[in-house]
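Novice: Quick one: the structure is below, and I'll ask about it shortly.
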Amino acid sequence: MRRISFLTAGMAAIALTLSGCGGSGDEKTTDSSAATEASETTEAPETTPADTDTETTEPEETEPAGTGALVEGASGELDIFTWWTAGSEALGLEQLILVLEAKYPDIEFVNGGNAAGQGGSGKEVLATRMNAGDPPDTFQAHAGKEMQDYIDADQLTDVGYLYDQFGLRDAFPEDLVAMLTQDGKIYSIPSNVHRANVLWASVPALEAAGLSTTDAYYASIDDFIAALEQVKTNAPDITPLSIGTTWCQVHLLETVLIAELGADGYNGLFDGTTDWAGADVTAALEKFATLMSYTNEDRDSVEWEPPIQMIEEGTAAFNIMGDWAPASFDAYGSVAGADYLYAPSPGTQGIFDFLADAYGVTNGAPHPKAAEAWIDVISSKEGQIGFNKVKGSIPARVDIDLEAEGFSAYQLSAAEDFASNAIVGSIQHGCAVTIKQGNAINEAVSKFNTGATDLAGFQAELVTAMS
Ligand code: GAL
């Protein structure tokens with residue numbers, strides 16, 4: 001594997017472009033040369049058995065209780081809203097709670113989160129609480145346009161003073177901080193960087209279908225459709241493409257748009273230079289519809305984890321999901337290379353579909369000191385290391401040596417791609433679109449996939465959603 005310095009990986013990559021995610025950075029830095037350069041230098045992720053870091057669920061060593069606490073007098077309840085409430089996501093959260101308990105033993109962690117997940121009622125429950133004047137102290141949101149909604153609604157406070165107090169001014173990539181900044185005020189602190197465009201494949205299912213069991217990268221959506229057809233023909237009991245409820249379907253759609261439009265064309269969907277009503281979008285939607293015809297029947301009633309379990313169990317061949325999936329593979333005991341493969345989603349080699357989780361302090365937080373302590377925890381090196389090793393993401397901090405800290409081979413490859421690929425912002429995960437736009441896109445996708453609209457109607461609704 002090509003060696004690069006993981007200490008500076010994030011910094012280099014994010015400078016390429018986060019313009020697709022909004023924020024206050026005004027420079028449009030995406031260019032086709034970045035994509036070209038990336039496609040020349042990016043290697044397909046390796047898929048050797050050594051890829052899995054099976055130790056990721058072990059608690060991280062943290063500083064002894066009471067040391068390194070940067071918020072004096074923080075005690076009592078911390079009311080936090082997150083949809084990391086179950087399965088592998090809860091494991092990541094647990095790592096943060098361990099650091100919180102060590103640093104701030106007088107704080108009681110109260111999870112006001114919503115088990116319905118992000119696609120279910122998660123964000124709605126949060127909105128209801130906020131609008132009723134009952135905000136949590138801090139909540140999970142995505143860096144980018146989604147954060148803008150909360151800023152516009154005056155629901156977040158300026159945490160710039162915490163960047164100074166905790167020494168964070170140089171800890172994160174400049175452009176990522178720019179996304180979180182508005183009129184000189186910084187509204188949140190990132191906990192991680194996730195990649196959305198990843199294809200996960202089951203080795204036993206690939207074997208049964210007669211497909212490659214060592215390389216799961218497909219250069220185009222058409223090539224991928226041919227592979228799905230081969231699964232259907234050769235292994236009729238196996239679901240070619242497993243998928244979950246509406247938000248997972250939007251997630252799939254964005255990866256198809258990226259593959260079909262390329263990085264510049266996709267970013268253009270958000271700055272007006274690519275027409276949502278255009279023929280190339282129609283062609284992408286047609287391919288999306290074809291992909292959906294290879295999916296599981298119960299798709300609308302399941303979250304993202306059961307479809308990933310189908311990969312683990314070998315009852316499905318492929319799944320396109322963000323890189324929070326490895327934690328689920330680890331928990332099941334699946335080993336990369338031996339039991340499952342990963343690769344950039346079809347047709348997206350050289351492009352990194354970016355999202356980041358971020359937390360702020362709410363306006364009117366009942367326990368603001370506890371919220372500050374939480375920000376200390378998620379921004380600290382030990383917090384970012386413990387959390388991200390389990391969550392599958394890479395730290396947002398640029399001063400962590402991932403190799404030395406024992407991050408998995410997948411994570412090292414993600415960091416390498418983040419440093420060299422063209423960066424685009426996720427639609428589903430709040431980077432490229434506002435909450436309102438995201439909700440309208442979800443509704444359009446749901447209607448189309450349940451037969452309530454035809455393709456022309458679907459595209460018209462997407463145009464309206466983004467207008
Ligand atoms: C994303 C979030 C990830 C993960 C995922 C699945 O929006 O950023 O951290 O939680 O949803 O729930």
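Identifiers for the structure tokens are assigned positionally: chains receive A, B, ... in sequence, residues are indexed from 1 per chain, and ligands are indexed from 1 in the order shown.
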Could you list the protein, DNA and RNA residues that have any atom within 7 Å of ligand 1, counting only C-alpha atoms and all ligand atoms, and write them as a list in words?

Specialist: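 Counting only what the definition allows, namely only C-alpha atoms and all ligand atoms, the set is Trp83, Trp84, Glu89, Gly117, Gln118, His142, Trp324, Leu355, Ala356, Asp357 and His429 of chain A.
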
Novice: Find the residues of stretch 285-378 of chain A that sit at most 10 Å from stretch 159-170 of chain A; for each, write down the nearest two atoms and how far apart they are in Å, to one decimal. Count only C-alpha atoms. Sort by chain, then by number going up, and give it as JSON lines.

Specialist:
```
{"residue": "A:Gly360", "atom": "CA", "partner": "A:Val159", "partner_atom": "CA", "distance": 7.2}
{"residue": "A:Val361", "atom": "CA", "partner": "A:Val159", "partner_atom": "CA", "distance": 7.2}
{"residue": "A:Thr362", "atom": "CA", "partner": "A:Val159", "partner_atom": "CA", "distance": 9.9}
{"residue": "A:Glu372", "atom": "CA", "partner": "A:Leu162", "partner_atom": "CA", "distance": 7.6}
{"residue": "A:Ala373", "atom": "CA", "partner": "A:Leu162", "partner_atom": "CA", "distance": 9.9}
{"residue": "A:Ile375", "atom": "CA", "partner": "A:Leu162", "partner_atom": "CA", "distance": 8.1}
{"residue": "A:Asp376", "atom": "CA", "partner": "A:Phe166", "partner_atom": "CA", "distance": 6.8}
```

Novice: Any chance you could export the current selection's C-alpha atoms as an mmCIF file, in the first residue's frame?

Specialist:
```cif
data_model
loop_
_atom_site.group_PDB
_atom_site.id
_atom_site.type_symbol
_atom_site.label_atom_id
_atom_site.label_comp_id
_atom_site.auth_asym_id
_atom_site.auth_seq_id
_atom_site.Cartn_x
_atom_site.Cartn_y
_atom_site.Cartn_z
ATOM 1 C CA GLY A 360 -22.834 22.032 19.233
ATOM 2 C CA VAL A 361 -24.252 23.619 22.372
ATOM 3 C CA THR A 362 -27.937 24.458 22.010
ATOM 4 C CA GLU A 372 -19.097 22.078 27.043
ATOM 5 C CA ALA A 373 -17.620 18.999 28.701
ATOM 6 C CA ILE A 375 -17.553 19.054 23.312
ATOM 7 C CA ASP A 376 -14.244 18.623 25.145
#
```

Novice: Report as a list of chain:residue names all protein, DNA and RNA residues lying within 10 Å of A:Ala227, evaluated on only C-alpha atoms, omitting residues in the same chain fewer than 6 positions from it.

Specialist: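 Non-adjacent residues within range: A:Leu206, A:Ala209, A:Gly210, A:Leu211, A:Ser212, A:Tyr218, A:Ile221, A:Thr233, A:Pro240, A:Ala317, A:Phe318.
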
Novice: Could the residues in this selection be written to a file with N, CA and C atoms, as an mmCIF file, in the first residue's frame?

Specialist:
```
data_model
loop_
_atom_site.group_PDB
_atom_site.id
_atom_site.type_symbol
_atom_site.label_atom_id
_atom_site.label_comp_id
_atom_site.auth_asym_id
_atom_site.auth_seq_id
_atom_site.Cartn_x
_atom_site.Cartn_y
_atom_site.Cartn_z
ATOM 1 N N LEU A 206 -20.833 -14.023 -3.533
ATOM 2 C CA LEU A 206 -20.135 -13.790 -4.810
ATOM 3 C C LEU A 206 -19.709 -15.126 -5.407
ATOM 4 N N ALA A 209 -22.490 -16.906 -6.984
ATOM 5 C CA ALA A 209 -22.924 -16.287 -8.237
ATOM 6 C C ALA A 209 -21.873 -16.394 -9.333
ATOM 7 N N GLY A 210 -20.681 -16.857 -8.971
ATOM 8 C CA GLY A 210 -19.606 -16.951 -9.959
ATOM 9 C C GLY A 210 -18.958 -15.616 -10.268
ATOM 10 N N LEU A 211 -19.037 -14.682 -9.304
ATOM 11 C CA LEU A 211 -18.397 -13.367 -9.483
ATOM 12 C C LEU A 211 -17.038 -13.354 -8.787
ATOM 13 N N SER A 212 -16.226 -12.346 -9.083
ATOM 14 C CA SER A 212 -14.911 -12.241 -8.444
ATOM 15 C C SER A 212 -15.064 -12.196 -6.925
ATOM 16 N N TYR A 218 -16.685 -2.184 -9.364
ATOM 17 C CA TYR A 218 -17.290 -2.190 -10.693
ATOM 18 C C TYR A 218 -17.156 -0.787 -11.269
ATOM 19 N N ILE A 221 -22.090 1.806 -13.356
ATOM 20 C CA ILE A 221 -23.369 1.257 -12.870
ATOM 21 C C ILE A 221 -23.819 0.127 -13.803
ATOM 22 N N THR A 233 -29.432 -14.811 -11.732
ATOM 23 C CA THR A 233 -29.465 -16.020 -12.569
ATOM 24 C C THR A 233 -28.806 -17.217 -11.884
ATOM 25 N N PRO A 240 -29.701 -9.935 -4.754
ATOM 26 C CA PRO A 240 -28.534 -9.309 -5.374
ATOM 27 C C PRO A 240 -28.054 -8.059 -4.627
ATOM 28 N N ALA A 317 -25.822 -10.349 -1.866
ATOM 29 C CA ALA A 317 -24.476 -10.252 -2.457
ATOM 30 C C ALA A 317 -23.844 -8.886 -2.216
ATOM 31 N N PHE A 318 -24.640 -7.810 -2.408
ATOM 32 C CA PHE A 318 -24.071 -6.455 -2.340
ATOM 33 C C PHE A 318 -24.940 -5.535 -1.486
#
```

Novice: DSSP on the backbone, then: every residue of stretch 68-124 of chain A marked strand (DSSP E or B), written as a PyMOL selection string.

Specialist: chain A and resi 76-81+107-111

Novice: With distances taken over only C-alpha atoms, which of A:Gly438, A:Pro366, A:Gly265, A:Gly386 is nearest to A:Ser191?

Specialist: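 Among the listed residues, A:Gly386 lies closest to A:Ser191.
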
Novice: As an exercise, work out the distance from atom CA of A:Asn421 to atom CA of A:Met321 in Å and give it to one decimal place.

Specialist: 18.5 Å

Novice: Need the shell around A:Tyr104: protein/DNA/RNA residues with any atom at most 12 Å away, counting only C-alpha atoms. Skip same-chain ones fewer than 4 positions apart. Format as JSON, numbers by chain?

Specialist: {"A": [62, 63, 64, 65, 66, 67, 68, 69, 70, 71, 72, 73, 74, 75, 76, 77, 78, 96, 97, 98, 99, 100, 108, 109, 369, 370, 371, 372, 373, 374, 375, 376, 377]}
